[in-house]
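Structure file structure_11.csv (CSV, C-alpha atoms) follows.
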```csv
chain,number,residue,atom,x,y,z
G,1,MET,CA,-64.4,32.8,-21.6
G,2,ASP,CA,-65.5,36.4,-21.8
G,3,THR,CA,-64.0,38.5,-24.5
G,4,ASN,CA,-63.0,41.3,-22.1
G,5,VAL,CA,-61.1,38.8,-20.0
G,6,ILE,CA,-59.2,37.4,-23.0
G,7,ILE,CA,-58.3,41.0,-24.1
G,8,ALA,CA,-57.1,41.8,-20.5
G,9,ILE,CA,-54.9,38.7,-20.4
G,10,VAL,CA,-53.4,39.6,-23.8
G,11,VAL,CA,-52.6,43.1,-22.6
G,12,VAL,CA,-51.0,41.9,-19.4
G,13,VAL,CA,-48.8,39.4,-21.4
G,14,VAL,CA,-47.8,42.1,-23.9
G,15,ILE,CA,-46.9,44.6,-21.1
G,16,ALA,CA,-44.8,41.9,-19.2
G,17,ALA,CA,-43.0,41.1,-22.4
G,18,LEU,CA,-42.2,44.8,-23.0
G,19,LEU,CA,-40.9,45.2,-19.5
G,20,ALA,CA,-38.7,42.1,-19.8
G,21,ILE,CA,-37.2,43.4,-23.1
G,22,GLY,CA,-36.7,46.9,-21.6
G,23,GLY,CA,-34.9,45.5,-18.6
G,24,TRP,CA,-32.6,43.4,-20.8
G,25,TRP,CA,-31.9,46.4,-23.0
G,26,PHE,CA,-31.2,48.7,-20.0
G,27,GLY,CA,-28.8,46.2,-18.5
G,28,LYS,CA,-26.9,45.8,-21.7
G,29,SER,CA,-26.6,49.5,-22.2
G,30,ARG,CA,-25.4,50.0,-18.6
G,31,LYS,CA,-22.7,47.3,-19.0
G,32,SER,CA,-21.6,48.9,-22.3
G,33,ALA,CA,-21.3,52.3,-20.7
G,34,VAL,CA,-19.2,50.9,-17.8
G,35,ASP,CA,-16.9,49.1,-20.3
G,36,LYS,CA,-16.5,52.3,-22.3
G,37,SER,CA,-15.6,54.3,-19.2
G,38,THR,CA,-13.0,51.7,-18.2
G,39,GLU,CA,-11.5,51.6,-21.6
G,40,ALA,CA,-11.4,55.5,-21.8
G,41,ALA,CA,-9.6,55.6,-18.4
G,42,LYS,CA,-7.1,53.0,-19.6
G,43,ALA,CA,-6.5,54.9,-22.9
G,44,LYS,CA,-5.9,58.1,-20.9
G,45,ALA,CA,-3.4,56.3,-18.6
G,46,ASP,CA,-1.6,54.8,-21.6
G,47,ALA,CA,-1.4,58.2,-23.4
G,48,ARG,CA,-0.1,60.0,-20.3
G,49,LEU,CA,2.6,57.3,-19.8
G,50,ALA,CA,3.6,57.5,-23.4
G,51,THR,CA,3.9,61.3,-23.2
G,52,GLU,CA,6.0,61.1,-20.0
G,53,LYS,CA,8.3,58.5,-21.7
G,54,SER,CA,8.8,60.6,-24.8
G,55,ALA,CA,9.6,63.7,-22.7
G,56,ALA,CA,12.1,61.7,-20.6
G,57,GLN,CA,13.8,60.5,-23.8
G,58,SER,CA,13.9,64.0,-25.3
G,59,ALA,CA,15.4,65.3,-22.0
G,60,ALA,CA,18.1,62.6,-22.1
G,61,ALA,CA,19.0,63.3,-25.7
G,62,SER,CA,19.3,67.0,-25.0
G,63,ALA,CA,21.5,66.4,-22.0
G,64,GLU,CA,23.7,64.1,-24.0
G,65,ASN,CA,24.1,66.7,-26.8
G,66,ALA,CA,24.9,69.4,-24.3
G,67,GLU,CA,27.5,67.3,-22.7
G,68,LYS,CA,29.1,66.5,-26.1
G,69,THR,CA,29.1,70.3,-27.0
G,70,LYS,CA,30.7,71.1,-23.7
G,71,GLU,CA,33.4,68.5,-24.1
G,72,THR,CA,34.2,69.8,-27.6
G,73,ALA,CA,34.4,73.4,-26.4
G,74,GLU,CA,36.7,72.5,-23.5
G,75,SER,CA,38.9,70.5,-25.8
G,76,ALA,CA,39.2,73.4,-28.2
G,77,THR,CA,40.0,75.9,-25.4
G,78,SER,CA,42.6,73.6,-23.9
G,79,SER,CA,44.5,73.1,-27.2
G,80,ALA,CA,44.4,76.8,-28.0
G,81,THR,CA,45.9,77.9,-24.6
G,82,PRO,CA,47.5,75.0,-22.9
G,83,GLU,CA,49.5,77.1,-20.4
G,84,SER,CA,46.7,79.5,-19.6
G,85,PRO,CA,45.5,79.3,-15.9
G,86,VAL,CA,42.1,80.7,-16.9
G,87,ALA,CA,41.3,77.4,-18.7
G,88,THR,CA,41.8,75.3,-15.6
G,89,GLU,CA,39.6,77.4,-13.3
G,90,PRO,CA,36.2,75.9,-12.3
G,91,THR,CA,33.0,77.3,-13.7
G,92,PRO,CA,30.7,77.7,-10.7
G,93,VAL,CA,27.9,79.4,-12.6
G,94,GLY,CA,26.7,76.2,-14.3
G,95,SER,CA,26.8,74.2,-11.1
G,96,ALA,CA,24.8,76.8,-9.2
G,97,VAL,CA,22.1,76.7,-11.8
G,98,THR,CA,21.9,72.9,-11.6
G,99,GLU,CA,21.6,73.0,-7.8
G,100,SER,CA,18.8,75.6,-7.8
G,101,ALA,CA,16.9,73.6,-10.5
G,102,THR,CA,17.0,70.4,-8.4
G,103,PRO,CA,15.0,70.7,-5.1
G,104,ALA,CA,16.6,69.1,-2.1
G,105,VAL,CA,14.9,65.8,-1.0
G,106,GLU,CA,14.4,65.5,2.7
G,107,THR,CA,15.3,62.4,4.8
G,108,PRO,CA,12.3,61.5,6.9
G,109,GLU,CA,12.7,60.5,10.6
G,110,ALA,CA,13.0,56.8,11.2
G,111,ALA,CA,10.0,55.0,12.7
G,112,GLY,CA,11.9,53.9,15.8
G,113,THR,CA,12.1,57.3,17.4
G,114,ARG,CA,8.6,58.5,16.6
G,115,MET,CA,6.8,56.6,19.3
G,116,GLN,CA,9.3,57.8,21.9
G,117,ARG,CA,8.2,61.4,21.1
G,118,LEU,CA,4.6,60.4,21.5
G,119,LYS,CA,5.3,59.0,24.9
G,120,ALA,CA,7.1,62.2,25.9
G,121,ARG,CA,4.3,64.4,24.6
G,122,LEU,CA,1.6,62.4,26.5
G,123,SER,CA,3.6,62.6,29.7
G,124,LYS,CA,3.8,66.4,29.4
G,125,SER,CA,0.2,67.0,28.4
G,126,GLY,CA,-2.3,68.7,30.7
G,127,ASN,CA,-4.7,65.9,31.5
G,128,PRO,CA,-4.2,62.4,30.2
G,129,PHE,CA,-6.9,60.2,31.6
G,130,GLY,CA,-4.4,57.6,32.9
G,131,ARG,CA,-2.9,60.1,35.4
G,132,ALA,CA,-6.3,61.2,36.5
G,133,LEU,CA,-7.3,57.5,37.2
G,134,PHE,CA,-4.1,56.9,39.1
G,135,ASN,CA,-4.7,60.0,41.4
G,136,ILE,CA,-8.1,58.6,42.3
G,137,LEU,CA,-7.0,54.9,42.8
G,138,ALA,CA,-4.0,55.8,44.9
G,139,LYS,CA,-6.2,57.0,47.7
G,140,ASP,CA,-6.6,54.7,50.8
G,141,GLN,CA,-10.0,53.1,51.3
G,142,LEU,CA,-11.8,54.1,48.1
G,143,SER,CA,-15.4,55.1,48.7
G,144,GLU,CA,-18.3,54.6,46.4
G,145,SER,CA,-18.0,58.2,45.3
G,146,ASP,CA,-14.4,57.5,44.3
G,147,TRP,CA,-15.4,54.6,42.1
G,148,GLU,CA,-18.0,56.8,40.5
G,149,ASP,CA,-15.2,59.3,39.8
G,150,VAL,CA,-13.2,56.5,38.2
G,151,GLU,CA,-16.1,55.7,35.8
G,152,ASP,CA,-16.8,59.3,35.0
G,153,THR,CA,-13.1,59.8,34.1
G,154,LEU,CA,-13.2,56.8,31.8
G,155,LEU,CA,-16.4,58.0,30.1
G,156,LEU,CA,-15.0,61.6,29.6
G,157,ALA,CA,-11.9,60.0,28.0
G,158,ASP,CA,-14.2,58.3,25.5
G,159,VAL,CA,-13.3,54.8,26.6
G,160,GLY,CA,-17.0,53.9,26.1
G,161,ALA,CA,-19.7,52.7,28.5
G,162,GLU,CA,-19.2,49.0,28.1
G,163,ALA,CA,-15.4,49.1,28.4
G,164,SER,CA,-15.6,51.6,31.3
G,165,GLU,CA,-17.9,49.3,33.3
G,166,GLN,CA,-15.6,46.3,32.6
G,167,LEU,CA,-12.5,48.2,33.7
G,168,VAL,CA,-14.1,49.5,36.9
G,169,GLU,CA,-15.3,46.0,37.8
G,170,GLU,CA,-11.8,44.5,37.3
G,171,LEU,CA,-10.2,47.3,39.3
G,172,ARG,CA,-12.6,46.8,42.2
G,173,ASN,CA,-11.7,43.1,42.4
G,174,ASP,CA,-7.9,43.7,42.2
G,175,ALA,CA,-6.3,43.1,45.6
G,176,ARG,CA,-3.5,45.6,44.8
G,177,ILE,CA,-6.0,48.4,44.9
G,178,ALA,CA,-8.2,47.4,47.8
G,179,GLY,CA,-7.4,48.6,51.4
G,180,GLN,CA,-4.1,50.5,52.1
G,181,SER,CA,-2.9,51.2,48.6
G,182,ASP,CA,0.8,51.1,47.6
G,183,PRO,CA,1.2,53.7,44.7
G,184,ALA,CA,3.6,51.4,42.8
G,185,GLU,CA,1.2,48.5,43.0
G,186,VAL,CA,-1.7,50.7,42.0
G,187,ARG,CA,0.2,51.9,39.0
G,188,ALA,CA,1.1,48.3,38.0
G,189,ALA,CA,-2.5,47.2,38.4
G,190,LEU,CA,-3.8,50.1,36.3
G,191,LYS,CA,-1.2,49.5,33.6
G,192,ASP,CA,-2.1,45.8,33.4
G,193,LYS,CA,-5.8,46.6,33.0
G,194,LEU,CA,-5.3,49.3,30.4
G,195,LEU,CA,-3.0,47.2,28.4
G,196,LYS,CA,-5.5,44.4,28.4
G,197,LEU,CA,-8.2,46.8,27.0
G,198,VAL,CA,-5.9,48.4,24.5
G,199,GLY,CA,-4.7,45.0,23.3
G,200,THR,CA,-1.1,43.8,23.2
G,201,ASP,CA,-1.4,40.6,21.1
G,202,THR,CA,-3.0,42.3,18.1
G,203,ASP,CA,-1.0,42.4,14.8
G,204,ARG,CA,-0.8,46.1,14.1
G,205,ARG,CA,1.6,46.0,11.1
G,206,LEU,CA,0.6,47.5,7.8
G,207,ASN,CA,-0.2,44.7,5.4
G,208,ALA,CA,2.6,46.1,3.2
G,209,ASP,CA,5.1,45.3,5.9
G,210,LYS,CA,4.0,41.6,6.3
G,211,GLU,CA,5.7,38.6,4.8
G,212,GLY,CA,4.5,37.8,1.3
G,213,ALA,CA,2.9,41.2,0.8
G,214,ASN,CA,1.8,42.1,-2.7
G,215,LYS,CA,4.0,44.4,-4.7
G,216,PRO,CA,2.8,47.0,-5.3
G,217,SER,CA,0.8,47.0,-2.1
G,218,VAL,CA,-2.2,49.3,-2.3
G,219,ILE,CA,-3.5,51.4,0.6
G,220,ILE,CA,-6.7,53.3,0.3
G,221,MET,CA,-7.2,56.2,2.7
G,222,VAL,CA,-10.8,57.0,3.8
G,223,GLY,CA,-12.4,59.4,6.2
G,224,VAL,CA,-14.5,62.6,6.3
G,225,ASN,CA,-13.0,66.0,5.5
G,226,GLY,CA,-11.4,67.7,8.4
G,227,THR,CA,-9.9,64.6,10.1
G,228,GLY,CA,-6.5,65.2,8.5
G,229,LYS,CA,-6.9,62.4,5.9
G,230,THR,CA,-4.9,63.9,3.0
G,231,THR,CA,-2.2,65.2,5.4
G,232,THR,CA,-2.0,61.7,6.9
G,233,ALA,CA,-1.6,60.2,3.5
G,234,GLY,CA,1.4,62.5,2.9
G,235,LYS,CA,2.9,61.7,6.3
G,236,LEU,CA,2.4,57.9,5.7
G,237,SER,CA,4.4,58.3,2.5
G,238,ARG,CA,7.3,59.8,4.5
G,239,LEU,CA,7.1,57.0,7.0
G,240,LEU,CA,7.3,54.3,4.3
G,241,VAL,CA,10.1,56.2,2.5
G,242,SER,CA,12.1,56.2,5.8
G,243,GLU,CA,11.8,52.4,5.7
G,244,GLY,CA,13.4,52.3,2.3
G,245,LYS,CA,10.2,51.7,0.3
G,246,GLN,CA,9.4,53.1,-3.2
G,247,VAL,CA,6.1,54.9,-2.8
G,248,MET,CA,3.6,56.4,-5.2
G,249,LEU,CA,0.6,58.6,-4.3
G,250,GLY,CA,-2.8,58.7,-6.1
G,251,ALA,CA,-4.9,61.9,-5.7
G,252,ALA,CA,-8.4,60.5,-6.0
G,253,ASP,CA,-10.0,63.3,-3.9
G,254,THR,CA,-10.9,65.3,-7.0
G,255,PHE,CA,-13.8,67.2,-5.3
G,256,ARG,CA,-11.5,69.3,-3.0
G,257,ALA,CA,-9.4,71.6,-5.2
G,258,ALA,CA,-6.4,71.7,-2.8
G,259,ALA,CA,-6.2,68.0,-2.1
G,260,ALA,CA,-4.0,67.1,-5.1
G,261,ASP,CA,-1.8,70.1,-4.5
G,262,GLN,CA,-1.4,69.1,-0.9
G,263,LEU,CA,-0.3,65.6,-1.9
G,264,GLU,CA,2.2,67.0,-4.5
G,265,THR,CA,3.7,69.2,-1.9
G,266,TRP,CA,4.2,66.2,0.5
G,267,GLY,CA,5.5,64.0,-2.3
G,268,ALA,CA,8.0,66.5,-3.6
G,269,LYS,CA,9.8,66.8,-0.3
G,270,VAL,CA,10.7,63.1,-0.3
G,271,GLY,CA,10.8,62.3,-4.0
G,272,VAL,CA,7.4,60.5,-4.1
G,273,PRO,CA,5.5,60.9,-7.5
G,274,VAL,CA,1.8,61.8,-7.5
G,275,VAL,CA,-0.7,60.7,-10.1
G,276,ARG,CA,-3.5,63.3,-10.4
G,277,SER,CA,-6.2,64.5,-12.7
G,278,ASP,CA,-5.7,67.4,-15.1
G,279,LYS,CA,-8.9,69.1,-13.9
G,280,ASP,CA,-10.9,69.4,-10.6
G,281,GLY,CA,-14.0,67.4,-10.3
G,282,ALA,CA,-12.8,64.5,-12.5
G,283,ASP,CA,-14.0,60.9,-11.9
G,284,PRO,CA,-12.1,59.7,-8.7
G,285,ALA,CA,-12.2,56.1,-10.0
G,286,SER,CA,-10.3,57.0,-13.2
G,287,VAL,CA,-7.5,58.6,-11.1
G,288,ALA,CA,-7.3,55.4,-9.0
G,289,PHE,CA,-7.2,53.3,-12.1
G,290,GLU,CA,-4.5,55.4,-13.7
G,291,ALA,CA,-2.4,55.4,-10.4
G,292,SER,CA,-2.7,51.7,-10.0
G,293,ALA,CA,-1.6,51.1,-13.6
G,294,LYS,CA,1.4,53.4,-13.2
G,295,ALA,CA,2.4,51.9,-9.9
G,296,LYS,CA,2.3,48.4,-11.5
G,297,GLU,CA,4.3,49.5,-14.5
G,298,GLU,CA,7.0,51.1,-12.3
G,299,ASN,CA,7.0,48.3,-9.8
G,300,ALA,CA,6.5,50.5,-6.8
G,301,ASP,CA,6.5,49.0,-3.3
G,302,VAL,CA,3.4,50.9,-2.1
G,303,LEU,CA,0.6,52.9,-3.7
G,304,ILE,CA,-1.4,55.2,-1.4
G,305,ILE,CA,-4.7,56.4,-2.8
G,306,ASP,CA,-6.3,59.4,-1.1
G,307,THR,CA,-10.2,59.6,-1.5
G,308,ALA,CA,-12.8,62.2,-1.0
G,309,GLY,CA,-14.3,62.7,2.4
G,310,ARG,CA,-17.4,64.6,1.4
G,311,LEU,CA,-20.5,62.8,2.7
G,312,GLN,CA,-23.9,63.6,1.0
G,313,ASN,CA,-25.4,60.4,2.2
G,314,LYS,CA,-24.5,56.8,2.9
G,315,ALA,CA,-25.5,55.5,-0.5
G,316,ASN,CA,-23.3,58.0,-2.4
G,317,LEU,CA,-20.4,57.1,-0.2
G,318,MET,CA,-20.8,53.4,-0.8
G,319,ASP,CA,-21.1,53.8,-4.5
G,320,GLU,CA,-18.1,56.0,-4.9
G,321,LEU,CA,-15.7,54.1,-2.6
G,322,GLY,CA,-16.9,50.8,-4.1
G,323,LYS,CA,-16.2,52.0,-7.6
G,324,ILE,CA,-12.7,53.2,-6.6
G,325,ARG,CA,-11.9,49.8,-5.1
G,326,ARG,CA,-13.3,47.9,-8.1
G,327,VAL,CA,-11.4,49.8,-10.8
G,328,THR,CA,-8.2,49.7,-8.8
G,329,GLU,CA,-8.5,45.9,-8.5
G,330,LYS,CA,-8.6,45.6,-12.2
G,331,ASN,CA,-4.8,46.3,-12.0
G,332,LEU,CA,-3.8,45.5,-8.4
G,333,PRO,CA,-5.4,43.9,-5.3
G,334,VAL,CA,-6.3,46.3,-2.5
G,335,ASP,CA,-4.4,45.2,0.6
G,336,GLU,CA,-5.3,47.9,3.1
G,337,VAL,CA,-8.1,50.4,3.8
G,338,LEU,CA,-7.1,52.8,6.5
G,339,LEU,CA,-9.8,54.9,8.2
G,340,VAL,CA,-8.5,58.3,9.5
G,341,LEU,CA,-10.3,59.6,12.7
G,342,ASP,CA,-9.7,62.8,14.6
G,343,ALA,CA,-9.0,61.6,18.2
G,344,THR,CA,-10.3,64.9,19.6
G,345,THR,CA,-13.8,64.2,18.3
G,346,GLY,CA,-14.0,61.1,20.4
G,347,GLN,CA,-17.4,59.3,20.4
G,348,ASN,CA,-18.8,61.9,18.0
G,349,GLY,CA,-16.7,60.4,15.2
G,350,MET,CA,-17.9,56.8,15.8
G,351,THR,CA,-21.0,57.1,13.7
G,352,GLN,CA,-19.0,58.2,10.7
G,353,ALA,CA,-16.5,55.5,11.3
G,354,LYS,CA,-19.2,52.8,11.2
G,355,VAL,CA,-20.5,54.2,7.9
G,356,PHE,CA,-17.1,53.9,6.3
G,357,ALA,CA,-16.6,50.5,7.8
G,358,GLU,CA,-19.8,49.3,6.1
G,359,ALA,CA,-19.0,51.1,2.8
G,360,ILE,CA,-15.6,49.7,2.0
G,361,GLY,CA,-14.5,47.3,4.7
G,362,ILE,CA,-11.6,48.9,6.6
G,363,THR,CA,-8.5,47.0,7.8
G,364,GLY,CA,-7.1,49.5,10.3
G,365,VAL,CA,-7.5,52.9,11.9
G,366,VAL,CA,-5.3,55.9,12.0
G,367,LEU,CA,-5.9,58.3,14.9
G,368,SER,CA,-4.8,61.8,14.1
G,369,LYS,CA,-4.3,64.6,16.8
G,370,LEU,CA,-3.8,62.0,19.6
G,371,ASP,CA,-0.9,63.7,21.4
G,372,GLY,CA,-1.8,65.4,24.7
G,373,SER,CA,-5.5,64.5,24.4
G,374,ALA,CA,-7.6,63.6,27.4
G,375,LYS,CA,-9.7,61.8,24.8
G,376,GLY,CA,-7.1,59.0,24.5
G,377,GLY,CA,-9.7,56.4,25.5
G,378,ILE,CA,-10.9,56.5,21.9
G,379,VAL,CA,-8.2,54.0,21.2
G,380,ILE,CA,-10.1,51.4,23.2
G,381,SER,CA,-13.6,52.2,22.1
G,382,VAL,CA,-12.8,52.4,18.3
G,383,GLN,CA,-11.2,49.0,18.4
G,384,LYS,CA,-14.1,47.6,20.3
G,385,GLU,CA,-16.8,49.1,18.0
G,386,LEU,CA,-15.1,48.5,14.6
G,387,GLY,CA,-13.3,45.2,15.4
G,388,VAL,CA,-10.0,46.4,13.7
G,389,PRO,CA,-6.8,47.6,15.3
G,390,VAL,CA,-5.4,51.1,15.6
G,391,LYS,CA,-2.3,50.9,13.4
G,392,LEU,CA,-1.0,54.4,13.3
G,393,VAL,CA,-1.3,57.5,15.5
G,394,GLY,CA,-0.7,61.2,14.7
G,395,LEU,CA,1.5,62.9,17.2
G,396,GLY,CA,1.2,66.6,16.1
G,397,GLU,CA,1.6,69.0,13.2
G,398,GLY,CA,5.2,68.1,12.1
G,399,PRO,CA,5.9,66.3,8.9
G,400,ASP,CA,7.2,63.2,10.8
G,401,ASP,CA,4.5,63.2,13.5
G,402,LEU,CA,3.0,59.9,12.4
G,403,ALA,CA,4.1,56.7,14.1
G,404,PRO,CA,3.1,53.0,14.4
G,405,PHE,CA,0.9,52.5,17.4
G,406,ASP,CA,2.7,51.0,20.4
G,407,PRO,CA,0.3,49.9,23.2
G,408,GLU,CA,2.9,49.9,25.9
G,409,GLY,CA,4.4,53.2,24.9
G,410,PHE,CA,0.8,54.7,24.8
G,411,VAL,CA,-0.1,53.4,28.3
G,412,ASP,CA,3.2,54.4,29.8
G,413,GLY,CA,2.7,57.9,28.3
G,414,ILE,CA,-0.8,58.4,29.8
G,415,LEU,CA,0.3,57.1,33.2
G,416,ALA,CA,3.6,59.2,33.4
```
So that I can check it, write out the structure of this file as structure tokens.
Amino acid sequence: MDTNVIIAIVVVVVIAALLAIGGWWFGKSRKSAVDKSTEAAKAKADARLATEKSAAQSAAASAENAEKTKETAESATSSATPESPVATEPTPVGSAVTESATPAVETPEAAGTRMQRLKARLSKSGNPFGRALFNILAKDQLSESDWEDVEDTLLLADVGAEASEQLVEELRNDARIAGQSDPAEVRAALKDKLLKLVGTDTDRRLNADKEGANKPSVIIMVGVNGTGKTTTAGKLSRLLVSEGKQVMLGAADTFRAAAADQLETWGAKVGVPVVRSDKDGADPASVAFEASAKAKEENADVLIIDTAGRLQNKANLMDELGKIRRVTEKNLPVDEVLLVLDATTGQNGMTQAKVFAEAIGITGVVLSKLDGSAKGGIVISVQKELGVPVKLVGLGEGPDDLAPFDPEGFVDGILA
């Protein structure tokens, strides 16, 4: 064999060996770095919990000493002037200070009345697509142009091309609409078809409300900035509190400076604690880890984790959300991933929705800003495209304007 060939073979073997050793060393270093990051997060969580416990014990001891001092002073005053009316008068100054130091905790509206308000708002809105459809279908002897108007109305309402075509075909073949139309029968036929598309047999309960749910039950909120994701997380905490659940919030959207402050404002109104980072731009996964550890320690019913909605590209999104889920599951299983969509964006938000669905695997959708929208057909198309149910809907800007989605109430509202 030629000497040059032998040398070349030796060189190739040496290079291959070096690459194999380098790959092994890189993998080991990366694993070590991940382990160190996880341990650091855990240590931080333990330190914070220890500090909070120490502060609570100090506060309790101070309160006890103050109470003893007060009792001693009152006893001395009473023995010195037993008949004095001044000694028996109340001291309102101390109680006033206590009241001002303790913020009032609100009582959120019960879930049962929220969907009723949605129905009322839809019926009073300017142009729900159901009413527009009814006005067309109630005509006698529908022409081809009328059927085109029906399909156009569905498309403008963001029902989606496939679902619109399916609904038009079913309406054409319904005897209640053909010929001389009775408005009551037309309304009944339209309601039946819309309910079928929206879905009445789907289980829309939050996983935290199901039998045998984990405790704490973890909900991760995802969605792009501007859809009302952080606000929805706060409103969801109020809804769960109204059902008697002990809730905790995790502010893992560390890239937007106001996000954690927003959550704290929402939480303070209903007595829900918020776990957040001490600085902006911290690792979101470390906040999620700390929040899940604390929720587990305090045996909360539900932990809601808010995440960043900033999208540089799909790869970054998948990496960040995947990491948040992985570190959370070191402490607690993740039961629910809710995607928050702005109903007014309609089909324009579907592309983003699909990216989130691929990145973390969503279990349900929350439609914000649905009330009074002619884009209500997004309920149908988002379920068809993503294969998961709409579980909650936002009714407006109020603190209790979030409700479980009720298909019949929704259809009745847009047909009113």
| Mind pulling up the distance from CA of Ala308 in chain G to CA of Ala252 in chain G? |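 Calculated distance between CA of Ala252 in chain G and CA of Ala308 in chain G is 6.9 Å.
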| said: Counting all atoms listed in the file, which residue out of G:Ala257, G:Pro216, G:Leu239, G:Pro273 sits closest to Ala295 in chain G? | reply: G:Pro216
| task | Take CA of Ala110 in chain G and CA of Asp306 in chain G and report the distance between them in Å, one decimal. | result |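 CA of Asp306 in chain G lies 23.0 Å from CA of Ala110 in chain G.
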| message | Just to confirm, what's the straight-line distance from CA of Ile220 in chain G to CA of Ile362 in chain G in Å (one decimal)? | response | 9.1 Å
With range 323-343 of chain G as the partner and 9 Å as the cut-off, tabulate the residues of range 133-249 of chain G that qualify, each row holding the nearest pair of atoms and their distance in Å to one decimal, using only C-alpha atoms, sorted by chain and rising number, as a tab-separated table.
```
residue	atom	partner	partner_atom	distance
G:Leu206	CA	G:Glu336	CA	7.6
G:Asn207	CA	G:Asp335	CA	6.4
G:Ala208	CA	G:Asp335	CA	7.5
G:Ala213	CA	G:Asp335	CA	8.3
G:Asn214	CA	G:Asp335	CA	7.7
G:Lys215	CA	G:Leu332	CA	8.7
G:Pro216	CA	G:Leu332	CA	7.4
G:Ser217	CA	G:Asp335	CA	6.1
G:Val218	CA	G:Val334	CA	5.1
G:Ile219	CA	G:Glu336	CA	4.7
G:Ile220	CA	G:Val337	CA	4.8
G:Met221	CA	G:Leu338	CA	5.1
G:Val222	CA	G:Leu339	CA	5.0
G:Gly223	CA	G:Val340	CA	5.2
G:Val224	CA	G:Val340	CA	8.0
G:Gly226	CA	G:Asp342	CA	8.1
G:Thr227	CA	G:Asp342	CA	4.9
G:Gly228	CA	G:Val340	CA	7.3
G:Lys229	CA	G:Val340	CA	5.7
G:Thr232	CA	G:Val340	CA	7.8
```
| request: Using all atoms listed in the file, collect all residues at a distance of at most 10 Å from (-12.8, 47.2, 35.8) as written in the file, then present them as a VMD selection string. | output: chain G and resid 150 to 151 163 to 174 190 193 to 194 197
| Counting only C-alpha atoms, the option among G:Met350, G:Leu415, G:Val10, G:Val393 closest to Gly160 in chain G |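 Closest candidate: G:Met350.
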| task | Dig up all the protein and nucleic acid residues within 9 Å of (13.4, 57.6, -2.9) in the file frame, using all atoms listed in the file, and format them as a ChimeraX atom specification. | result | /G:105,241-242,244-247,270-272
Selected residues, C-alpha atoms, written as a compact mmCIF listing (two decimals), keeping the file's coordinate frame, please.
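Okay, selection-v2.txt is ready:
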```
# COMPACT_ATOMS: atom_id res chain seq x y z
CA VAL G 105 14.90 65.80 -1.00
CA VAL G 241 10.10 56.20 2.50
CA SER G 242 12.10 56.20 5.80
CA GLY G 244 13.40 52.30 2.30
CA LYS G 245 10.20 51.70 0.30
CA GLN G 246 9.40 53.10 -3.20
CA VAL G 247 6.10 54.90 -2.80
CA VAL G 270 10.70 63.10 -0.30
CA GLY G 271 10.80 62.30 -4.00
CA VAL G 272 7.40 60.50 -4.10
```
| query | Which is closer to Lys294 in chain G than all the others in G:Ile15, G:Met248, G:Val355, G:Ala20, using only C-alpha atoms? | reply |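 For Lys294 in chain G, the nearest of the given residues is G:Met248.
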| field | Residue contacts of Arg276 in chain G (12 Å, all atoms listed in the file) excluding same-chain residues fewer than 3 positions away, as a ChimeraX atom specification | value | /G:44-45,48,248-254,257-264,273,279-292,294,305-307
| request: Would you mind telling me which residue in G:Glu243, G:Glu408, G:Glu385, G:Glu148 lies nearest to Lys196 in chain G when using only C-alpha atoms? | output: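 Closest to Lys196 in chain G, using only C-alpha atoms: G:Glu408.
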| request: Just the residues within 7 Å of Lys391 in chain G, please, counting only C-alpha atoms, with nothing from its chain fewer than 6 positions along; format it as an MDAnalysis selection string. | output: chainID G and resid 204:205 364:366 404:405
